[in-house]
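Participant: Please find one structure pasted underneath; my questions will follow.
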Amino acid sequence: MPGRAFVITSGKGGVGKTTTTANVGCALASLGKQVVLMDADIGLRNLDLVLGLEKRIVFDIVDVAEGRCQPRQALIRDKRLEGLYLLPASQTKNKESISEDQMRDVVRLLVAEFDVVLIDCPAGIEHGFRNAIAGADEAIVVTTPEVSAIRDADRILGMLGQRRARLIINRVRLEMVKTGDMLAVEDVAEILGREVLGVVPDDEEIIDTTNRGEPIVLDPSRRLSKTYIAIARRLTGEDVPLPSFDDDGFFSRLRRLMIGTRSHA
């Protein structure tokens, strides 16, 4: 059976889309899947840096699309994880260098050989976005619990047509959700009207690992590693419950305990 192609998009930049692509891809590979991460942000590639593979690029997606090389020649194998590959974007071309038909052709070649293709979509809604979604079967929309990000995500959802689209809600600060200073996961899901694939808490560790080109999934001791593994398992069809953020959670119990202690002081 052919593999599945997912476009990972967001509408606006800066919500963690490329970091999400890298870590979900690593998580899928750790589960034994054959995975290609495709950087569709032609001219502004960053996925190679997040993965720490920038020094190994010879060919790129434009070379494949224009027939100057075969896909296998352009793919960079990540030696840290069996089954994980990168198809980098071109740094010197622009987004008009590839047509939607060419993108479909490249994706079709990849899904014939791999279980999963994750397409890292450029920010915005112009030519690069249309290219990135052209070959995708499904979409993963990354947003943060902020009004501007949710508005942009809603606009993107309307442009995805009939594709199945699920949400990853990124940079959730549990303490702010509990105090009502940040939208709850349920609020975001209700506003956007889509299934939540994953919830990623805000964690400064991911900034450090991203800057070093070492996706956090590579270190199983990190708490976000388990978060991305759970997302990958849901993506493959496993029934993995979302984390609970209800009022009976740890932070709520701790807050009630503190209030009770103060009232008896």
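Chain lettering (A, B, ...) mirrors the order of the structure tokens, residue numbering begins at 1 for each chain separately, and ligand numbering begins at 1 in order of display.
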Residues of range 83-120 of chain A that have any atom at most 12 Å from an atom of range 211-235 of chain A: could you tabulate them with the shortest-distance atom pair and the distance in Å to one decimal, using only C-alpha atoms, ordered by chain and increasing number, as JSON lines?

Facilitator:
{"residue": "A:Asp115", "atom": "CA", "partner": "A:Leu235", "partner_atom": "CA", "distance": 11.8}
{"residue": "A:Val116", "atom": "CA", "partner": "A:Leu235", "partner_atom": "CA", "distance": 10.0}
{"residue": "A:Leu118", "atom": "CA", "partner": "A:Leu235", "partner_atom": "CA", "distance": 11.4}

Participant: Hey, what's within 12 Å of Ala134 in chain A if we count only C-alpha atoms and toss same-chain stuff fewer than 4 positions away? As a PyMOL selection string, please?

Facilitator: chain A and resi 5-7+40+98-108+119+121+127-130+138-139+159-161+163

Participant: Okay, now the selection with N, CA, C and O atoms, as an mmCIF file, in the first residue's frame?

Facilitator:
data_model
loop_
_atom_site.group_PDB
_atom_site.id
_atom_site.type_symbol
_atom_site.label_atom_id
_atom_site.label_comp_id
_atom_site.auth_asym_id
_atom_site.auth_seq_id
_atom_site.Cartn_x
_atom_site.Cartn_y
_atom_site.Cartn_z
ATOM 1 N N ALA A 5 0.533 11.174 2.903
ATOM 2 C CA ALA A 5 1.204 12.470 2.880
ATOM 3 C C ALA A 5 0.403 13.477 3.690
ATOM 4 O O ALA A 5 -0.790 13.685 3.442
ATOM 5 N N PHE A 6 1.068 14.094 4.661
ATOM 6 C CA PHE A 6 0.446 15.100 5.518
ATOM 7 C C PHE A 6 1.153 16.435 5.309
ATOM 8 O O PHE A 6 2.383 16.497 5.360
ATOM 9 N N VAL A 7 0.393 17.504 5.109
ATOM 10 C CA VAL A 7 0.985 18.829 5.113
ATOM 11 C C VAL A 7 0.829 19.406 6.512
ATOM 12 O O VAL A 7 -0.230 19.277 7.136
ATOM 13 N N ALA A 40 9.027 22.332 2.099
ATOM 14 C CA ALA A 40 8.409 22.996 0.955
ATOM 15 C C ALA A 40 8.595 24.509 0.990
ATOM 16 O O ALA A 40 8.032 25.215 0.157
ATOM 17 N N ILE A 98 8.609 25.722 -8.532
ATOM 18 C CA ILE A 98 7.900 24.446 -8.637
ATOM 19 C C ILE A 98 6.416 24.715 -8.830
ATOM 20 O O ILE A 98 5.851 25.607 -8.180
ATOM 21 N N SER A 99 5.796 23.941 -9.689
ATOM 22 C CA SER A 99 4.348 24.050 -9.891
ATOM 23 C C SER A 99 3.626 23.059 -8.982
ATOM 24 O O SER A 99 4.233 22.142 -8.418
ATOM 25 N N GLU A 100 2.336 23.240 -8.871
ATOM 26 C CA GLU A 100 1.536 22.304 -8.067
ATOM 27 C C GLU A 100 1.607 20.891 -8.647
ATOM 28 O O GLU A 100 1.684 19.903 -7.903
ATOM 29 N N ASP A 101 1.590 20.785 -9.971
ATOM 30 C CA ASP A 101 1.681 19.460 -10.600
ATOM 31 C C ASP A 101 3.021 18.796 -10.297
ATOM 32 O O ASP A 101 3.082 17.585 -10.047
ATOM 33 N N GLN A 102 4.103 19.571 -10.327
ATOM 34 C CA GLN A 102 5.415 19.009 -10.004
ATOM 35 C C GLN A 102 5.472 18.544 -8.550
ATOM 36 O O GLN A 102 6.041 17.495 -8.239
ATOM 37 N N MET A 103 4.863 19.314 -7.665
ATOM 38 C CA MET A 103 4.842 18.914 -6.261
ATOM 39 C C MET A 103 4.063 17.614 -6.092
ATOM 40 O O MET A 103 4.501 16.712 -5.361
ATOM 41 N N ARG A 104 2.935 17.494 -6.752
ATOM 42 C CA ARG A 104 2.168 16.240 -6.687
ATOM 43 C C ARG A 104 3.009 15.063 -7.178
ATOM 44 O O ARG A 104 2.972 13.976 -6.596
ATOM 45 N N ASP A 105 3.756 15.283 -8.247
ATOM 46 C CA ASP A 105 4.582 14.205 -8.802
ATOM 47 C C ASP A 105 5.655 13.768 -7.800
ATOM 48 O O ASP A 105 5.912 12.560 -7.637
ATOM 49 N N VAL A 106 6.301 14.745 -7.146
ATOM 50 C CA VAL A 106 7.349 14.412 -6.170
ATOM 51 C C VAL A 106 6.751 13.634 -5.004
ATOM 52 O O VAL A 106 7.294 12.603 -4.571
ATOM 53 N N VAL A 107 5.628 14.093 -4.495
ATOM 54 C CA VAL A 107 4.991 13.409 -3.366
ATOM 55 C C VAL A 107 4.569 12.001 -3.769
ATOM 56 O O VAL A 107 4.733 11.044 -3.001
ATOM 57 N N ARG A 108 4.054 11.856 -4.979
ATOM 58 C CA ARG A 108 3.623 10.531 -5.444
ATOM 59 C C ARG A 108 4.799 9.555 -5.482
ATOM 60 O O ARG A 108 4.665 8.385 -5.107
ATOM 61 N N ILE A 119 5.031 17.187 5.028
ATOM 62 C CA ILE A 119 5.397 18.342 4.205
ATOM 63 C C ILE A 119 5.355 19.595 5.067
ATOM 64 O O ILE A 119 4.290 20.005 5.549
ATOM 65 N N CYS A 121 5.079 23.191 5.476
ATOM 66 C CA CYS A 121 4.504 24.243 4.631
ATOM 67 C C CYS A 121 5.079 25.608 4.989
ATOM 68 O O CYS A 121 5.258 25.914 6.165
ATOM 69 N N HIS A 127 1.602 31.245 -3.196
ATOM 70 C CA HIS A 127 2.009 30.145 -4.067
ATOM 71 C C HIS A 127 2.641 28.990 -3.287
ATOM 72 O O HIS A 127 2.362 27.813 -3.561
ATOM 73 N N GLY A 128 3.471 29.316 -2.309
ATOM 74 C CA GLY A 128 4.136 28.272 -1.546
ATOM 75 C C GLY A 128 3.156 27.404 -0.782
ATOM 76 O O GLY A 128 3.333 26.183 -0.693
ATOM 77 N N PHE A 129 2.115 28.010 -0.239
ATOM 78 C CA PHE A 129 1.081 27.251 0.464
ATOM 79 C C PHE A 129 0.344 26.333 -0.499
ATOM 80 O O PHE A 129 0.126 25.151 -0.208
ATOM 81 N N ARG A 130 -0.051 26.853 -1.635
ATOM 82 C CA ARG A 130 -0.786 26.039 -2.610
ATOM 83 C C ARG A 130 0.059 24.865 -3.087
ATOM 84 O O ARG A 130 -0.456 23.760 -3.293
ATOM 85 N N GLU A 138 -3.845 14.641 3.811
ATOM 86 C CA GLU A 138 -4.425 15.192 5.028
ATOM 87 C C GLU A 138 -3.585 16.377 5.493
ATOM 88 O O GLU A 138 -2.470 16.587 5.004
ATOM 89 N N ALA A 139 -4.137 17.126 6.453
ATOM 90 C CA ALA A 139 -3.434 18.298 6.968
ATOM 91 C C ALA A 139 -3.365 18.250 8.485
ATOM 92 O O ALA A 139 -4.265 17.742 9.155
ATOM 93 N N MET A 159 -9.172 26.894 3.522
ATOM 94 C CA MET A 159 -8.498 26.779 2.224
ATOM 95 C C MET A 159 -8.022 25.360 1.928
ATOM 96 O O MET A 159 -7.488 25.102 0.862
ATOM 97 N N LEU A 160 -8.217 24.467 2.875
ATOM 98 C CA LEU A 160 -7.716 23.095 2.700
ATOM 99 C C LEU A 160 -8.691 22.200 1.944
ATOM 100 O O LEU A 160 -8.395 21.034 1.692
ATOM 101 N N GLY A 161 -9.838 22.737 1.604
ATOM 102 C CA GLY A 161 -10.800 21.961 0.822
ATOM 103 C C GLY A 161 -11.352 20.788 1.605
ATOM 104 O O GLY A 161 -11.681 20.896 2.781
ATOM 105 N N ARG A 163 -9.802 18.047 2.434
ATOM 106 C CA ARG A 163 -8.815 17.250 3.167
ATOM 107 C C ARG A 163 -9.178 17.166 4.651
ATOM 108 O O ARG A 163 -9.627 18.137 5.251
#

Participant: By how many Å are CA of Thr21 in chain A and CA of Gly180 in chain A apart?

Facilitator: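 Interatomic distance here is 29.3 Å.
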
Participant: Separation of CA of Ile42 in chain A and CA of Leu109 in chain A, in Å?

Facilitator: 19.1 Å

Participant: Nearest to Leu110 in chain A among A:Leu197, A:Ile207, A:Ile8, A:Val35, with distances taken over only C-alpha atoms: which residue is it?

Facilitator: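 Residue with the minimum atom-to-atom distance to Leu110 in chain A: A:Val35.
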
Participant: Assign secondary structure with DSSP using the backbone only, and return the residues of range 49-82 of chain A in helix (DSSP H, G or I) as a PyMOL selection string.

Facilitator: chain A and resi 49-51+54-56+61-65+71-74

Participant: Could you dump the residues just selected with C-alpha atoms as a PDB file, in the first residue's frame?

Facilitator:
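Below you can see result-v9.pdb, which holds the result:
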ATOM      1  CA  LEU A  49      18.817  23.350  10.499  1.00  0.00           C
ATOM      2  CA  VAL A  50      16.261  22.062  12.998  1.00  0.00           C
ATOM      3  CA  LEU A  51      17.359  18.510  12.151  1.00  0.00           C
ATOM      4  CA  GLU A  54      22.349  21.375   6.784  1.00  0.00           C
ATOM      5  CA  LYS A  55      25.942  20.379   5.961  1.00  0.00           C
ATOM      6  CA  ARG A  56      24.928  17.258   4.051  1.00  0.00           C
ATOM      7  CA  ILE A  61      13.378  19.356  -4.033  1.00  0.00           C
ATOM      8  CA  VAL A  62      13.712  21.605  -7.094  1.00  0.00           C
ATOM      9  CA  ASP A  63      16.372  19.278  -8.535  1.00  0.00           C
ATOM     10  CA  VAL A  64      13.967  16.359  -8.088  1.00  0.00           C
ATOM     11  CA  ALA A  65      10.997  18.243  -9.556  1.00  0.00           C
ATOM     12  CA  PRO A  71      14.473  11.353  -5.208  1.00  0.00           C
ATOM     13  CA  ARG A  72      16.888   8.916  -3.533  1.00  0.00           C
ATOM     14  CA  GLN A  73      19.829  11.088  -4.595  1.00  0.00           C
ATOM     15  CA  ALA A  74      18.342  14.136  -2.893  1.00  0.00           C
TER      16      ALA A  74
END

Participant: Which of these, A:Arg164, A:Lys17, A:Lys95, A:Lys79, has the shortest distance to Asp41 in chain A once you count only C-alpha atoms?

Facilitator: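 Comparing A:Arg164, A:Lys17, A:Lys95, A:Lys79 against Asp41 in chain A, the winner is A:Lys95.
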